[in-house]
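Asks: After the structure tokens below, expect a handful of questions from me.
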Amino acid sequence: MFGAPIAAFALPYALHHIFLATSRADEAPVTRLFLRIWKWLLSGATMYWILERLENWNGLNPDRIPLVQMIRTYLARGVLGCTIAVLGMFWWYSPPSIVVQQEPKQEGEQGGKTRVVVIGFANAYGSSYLLFLLVPFTLVFATAQPTGQVVLALGLIAITCYVEVVDSEGDADGLVEAFTSAAVTSSTQLQVAYRKPTFAVPAFMSILSLLLFYTTGHQATMPSIQWKSAFIGFPTLTYPFAPVLVILNTFGPIAIAALATPLFALWNIDPPKPNAPTSQDGPTASRSPSSLVLSRTLKLTLGTTLYHSTLTFGTAFGAAALRRHLMVWKVFAPRFMLGGASLLIVDVALVLGVGVGVSRVVWKVEKTFGAGRIKQN
């Protein structure tokens with residue numbers, strides 16, 4: 001019970017001061033305000049379950065139970081409503097997570113232009129998409145029970161850690177290739193190419209999605225559905241909100257992992273640089289950052305879909321081969337239904353991530369920095 005409030009306060013701190021601090025995207029006013037709002041929404045989501053525990057406490061005056069129920073109901077509505085209306089709209093209309101500063105001329109420097117420094121430039125794509133990911137994450141976090149909230153927080157930390165690992169591995173491979181290349185004659189000519197995504201990323205995210213599904217208390221059986229989530233924010237069964245809340249609670253962990261997959265394609269990709277030299281032909285031909293981001297995203301999304309499609313095919317084949325087994329409707333058929341539903345949720349999440357998240361991030365960056373070309377390996 002008390003692990004969820006700790007996770008609600010520790011998670012924004014970790015994202016703000018650890019993961020976004022590496023690219024200095026945490027210094028942007030957009031990031032600071034967004035994470036501040038996000039922290040209070042997470043705290044409200046955990047406070048809901050504390051009030052529910054208080055409502056069932058034997059030492060509570062029975063006359064106070066209606067008041068606690070009212071506070072709990074409107075608190076849940078406020079968290080869910082503010083997540084969509086405030087946090088979602090704030091991300092949609094906010095600029096990239098950058099800070100533009102002008103540095104004064106040094107002593108003895110004559111003429112020339114004022115130097116402009118863009119803080120957070122190196123990760124303008126990734127930091128903005130990470131903020132987008134936090135919006136659906138908050139919805140899933142609000143519908144999860146306290147132990148599930150702790151697991152979701154740990155899952156988000158695992159995703160960001162793996163993003164840094166993949167990015168560091170790509171930088172190391174690029175540096176090795178650049179230094180061993182005969183074209184490099186001095187450190188000023190060093191240009192590290194971006195590494196193409198591999199199938200290891202979709203495989204890891206797909207396995208993590210199933211891990212989050214099972215560790216949040218779900219199983220491939222109908223009795224394991226957490227029907228209590230249908231009453232979050234509503235004292236009685238209310239359509240169409242009840243089915244939506246149950247779906248978020250059940251398949252939300254799988255959807256979050258799928259939505260996080262495009263983050264690997266956007267992390268630490270440099271935005272276009274104005275007046276940057278380009279090469280149009282040959283093996284080192286450059287391409288626009290937006291085109292690179294979209295191609296990497298497409299590969300990762302197709303890999304994720306392929307992984308879950310293979311799992312679904314395997315469960316379908318197993319259920320068909322064991323259709324006369326005694327436990328077919330107890331084990332094999334529910335696992336096939338879970339595989340089909342998971343595949344559908346993953347496809348919807350990927351479409352949402354690419355169609356809304358990635359496209360809006362690319363639009364923001366292009367509107368801010370214009371278009372340009374960079375080198376891809």
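Scheme for the structure tokens: letters A, B, ... for chains in order shown; per-chain residue numbers from 1; ligand numbers from 1 in order shown.
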Taking only stretch 56-153 of chain A into account, list the residues labelled strand (DSSP E or B) by DSSP (computed from the backbone), as number ranges by chain.
Replies: A: 99-103, 115-119
Asks: Hey, what's within 12 Å of A:Pro66 if we count only C-alpha atoms and toss same-chain stuff fewer than 2 positions away? As a list in words, please?
Replies: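 With the cut-off at 12 Å, the set is Leu51, Glu52, Leu54, Glu55, Asn56, Leu60, Asn61, Pro62, Asp63, Arg64, Val68, Gln69, Met70, Ile71, Arg72, Thr73 and Pro235 of chain A.
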Asks: To test your reading of the structure, identify every residue in stretch 155-373 of chain A that backbone DSSP assigns to helix (DSSP H, G or I), and report it as a VMD selection string.
Replies: chain A and resid 155 to 180 187 to 189 200 to 215 222 to 224 227 to 231 241 to 260 263 to 266 289 to 321 328 to 369
Asks: For stretch 213-219 of chain A, list every protein, DNA or RNA residue within 12 Å, evaluated using only C-alpha atoms, and leave out those in the same chain fewer than 4 positions away; present the list as a PyMOL selection string.
Replies: chain A and resi 140-141+143-155+206-209+223-227+246-257+330-331+334-335+337-339+342
Asks: Identify which of the residues A:Ala258, A:Leu266, A:Leu292, A:Val176 lies closest to A:Phe204, counting only C-alpha atoms when measuring atom-to-atom distances.
Replies: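 Smallest separation from A:Phe204 among the options: A:Ala258.
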Asks: Mind dumping a table of every stretch 128-183 of chain A residue within 12 Å of stretch 360-364 of chain A, with the nearest atom pair and its distance in Å to one decimal, using only C-alpha atoms, sorted by chain and rising number, as a tab-separated table?
Replies:
residue	atom	partner	partner_atom	distance
A:Ser128	CA	A:Val361	CA	6.3
A:Tyr129	CA	A:Val361	CA	6.4
A:Leu130	CA	A:Val361	CA	10.1
A:Leu131	CA	A:Val361	CA	10.2
A:Phe132	CA	A:Val361	CA	8.9
A:Leu133	CA	A:Val361	CA	11.6
Asks: Give me, as a compact mmCIF listing (two decimals) with all heavy atoms, in the first residue's frame, all polymer residues having an atom no more than 7 Å from A:Ser127, counting only C-alpha atoms and skipping those fewer than 3 positions away in the same chain.
Replies:
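Contents of result.txt, as written:
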# COMPACT_ATOMS: atom_id res chain seq x y z
N LEU A 20 16.44 12.51 -18.24
CA LEU A 20 16.40 13.71 -19.08
C LEU A 20 17.57 14.63 -18.82
O LEU A 20 17.87 15.50 -19.64
CB LEU A 20 15.09 14.45 -18.84
CG LEU A 20 13.83 13.76 -19.34
CD1 LEU A 20 12.59 14.54 -18.95
CD2 LEU A 20 13.87 13.58 -20.86
N ALA A 25 17.68 18.09 -21.25
CA ALA A 25 16.29 18.41 -21.58
C ALA A 25 15.48 18.74 -20.35
O ALA A 25 14.39 19.30 -20.45
CB ALA A 25 15.64 17.24 -22.34
N SER A 97 11.32 20.20 -25.89
CA SER A 97 11.95 20.44 -24.59
C SER A 97 13.36 21.01 -24.78
O SER A 97 14.38 20.33 -24.60
CB SER A 97 12.01 19.14 -23.78
OG SER A 97 10.72 18.63 -23.55
N ASN A 123 18.56 15.83 -27.95
CA ASN A 123 17.50 14.85 -27.71
C ASN A 123 16.13 15.50 -27.83
O ASN A 123 15.21 15.17 -27.07
CB ASN A 123 17.67 14.24 -26.30
CG ASN A 123 16.90 12.95 -26.15
OD1 ASN A 123 16.56 12.28 -27.13
ND2 ASN A 123 16.60 12.58 -24.92
N ALA A 124 15.98 16.40 -28.78
CA ALA A 124 14.70 17.09 -28.95
C ALA A 124 13.59 16.13 -29.35
O ALA A 124 12.45 16.28 -28.92
CB ALA A 124 14.84 18.20 -29.99
N LEU A 130 9.01 11.11 -24.95
CA LEU A 130 8.92 10.57 -23.60
C LEU A 130 7.80 11.25 -22.82
O LEU A 130 7.08 10.60 -22.07
CB LEU A 130 10.25 10.74 -22.88
CG LEU A 130 10.31 10.22 -21.43
CD1 LEU A 130 9.99 8.73 -21.38
CD2 LEU A 130 11.67 10.49 -20.81
N LEU A 131 7.65 12.55 -23.00
CA LEU A 131 6.54 13.25 -22.34
C LEU A 131 5.20 12.77 -22.87
O LEU A 131 4.23 12.67 -22.11
CB LEU A 131 6.68 14.76 -22.55
CG LEU A 131 7.93 15.42 -21.95
CD1 LEU A 131 7.88 16.93 -22.16
CD2 LEU A 131 8.09 15.09 -20.48
Asks: Report as a PDB file with N, CA, C and O atoms, in the first residue's frame all protein, DNA and RNA residues lying within 6 Å of stretch 39-48 of chain A, evaluated on only C-alpha atoms, omitting residues in the same chain fewer than 3 positions from it.
Replies:
ATOM      1  N   PRO A   5       2.752   5.322  -3.042  1.00  0.00           N
ATOM      2  CA  PRO A   5       3.094   6.745  -2.887  1.00  0.00           C
ATOM      3  C   PRO A   5       4.580   7.027  -3.070  1.00  0.00           C
ATOM      4  O   PRO A   5       4.963   8.073  -3.636  1.00  0.00           O
ATOM      5  N   ALA A   8       5.173   7.064  -6.699  1.00  0.00           N
ATOM      6  CA  ALA A   8       4.588   8.249  -7.326  1.00  0.00           C
ATOM      7  C   ALA A   8       5.500   9.463  -7.200  1.00  0.00           C
ATOM      8  O   ALA A   8       5.512  10.331  -8.082  1.00  0.00           O
ATOM      9  N   PRO A  12       8.853  10.569 -10.963  1.00  0.00           N
ATOM     10  CA  PRO A  12       9.137  11.854 -11.627  1.00  0.00           C
ATOM     11  C   PRO A  12      10.541  12.375 -11.336  1.00  0.00           C
ATOM     12  O   PRO A  12      11.175  12.973 -12.218  1.00  0.00           O
ATOM     13  N   LEU A  35       6.367  17.727 -15.835  1.00  0.00           N
ATOM     14  CA  LEU A  35       6.653  16.731 -14.808  1.00  0.00           C
ATOM     15  C   LEU A  35       6.073  17.127 -13.457  1.00  0.00           C
ATOM     16  O   LEU A  35       5.736  16.254 -12.644  1.00  0.00           O
ATOM     17  N   ARG A  36       5.949  18.416 -13.205  1.00  0.00           N
ATOM     18  CA  ARG A  36       5.340  18.837 -11.946  1.00  0.00           C
ATOM     19  C   ARG A  36       3.856  18.466 -11.921  1.00  0.00           C
ATOM     20  O   ARG A  36       3.342  17.971 -10.908  1.00  0.00           O
ATOM     21  N   LEU A  51      -7.546   6.174   0.213  1.00  0.00           N
ATOM     22  CA  LEU A  51      -8.888   6.508   0.698  1.00  0.00           C
ATOM     23  C   LEU A  51      -9.801   5.285   0.683  1.00  0.00           C
ATOM     24  O   LEU A  51     -10.674   5.152   1.552  1.00  0.00           O
ATOM     25  N   ARG A  72     -13.115  10.263  -2.682  1.00  0.00           N
ATOM     26  CA  ARG A  72     -12.432   9.268  -3.503  1.00  0.00           C
ATOM     27  C   ARG A  72     -12.956   9.263  -4.936  1.00  0.00           C
ATOM     28  O   ARG A  72     -12.180   9.180  -5.903  1.00  0.00           O
ATOM     29  N   VAL A  79      -8.269  13.025 -11.562  1.00  0.00           N
ATOM     30  CA  VAL A  79      -7.012  12.510 -12.099  1.00  0.00           C
ATOM     31  C   VAL A  79      -7.177  12.072 -13.542  1.00  0.00           C
ATOM     32  O   VAL A  79      -6.367  12.425 -14.419  1.00  0.00           O
ATOM     33  N   ALA A 142      -3.377   5.067 -13.087  1.00  0.00           N
ATOM     34  CA  ALA A 142      -4.540   5.417 -12.268  1.00  0.00           C
ATOM     35  C   ALA A 142      -5.517   4.263 -12.140  1.00  0.00           C
ATOM     36  O   ALA A 142      -6.248   4.180 -11.142  1.00  0.00           O
TER      37      ALA A 142
END
Asks: So what do you get for atom CA of A:Pro29 versus atom CA of A:Ile6, distance-wise?
Replies: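 Straight-line distance from atom CA of A:Pro29 to atom CA of A:Ile6 works out to 24.9 Å.
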Asks: When you draw a straight line from atom CA of A:Gly126 to atom CA of A:Asn268, how long is it in Å?
Replies: 6.2 Å
Asks: If you measure from atom CA of A:Thr180 to atom CA of A:Glu164, what distance in Å do you get, rounded to one decimal?
Replies: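 Atom-to-atom, atom CA of A:Thr180 and atom CA of A:Glu164 are spaced 24.2 Å apart.
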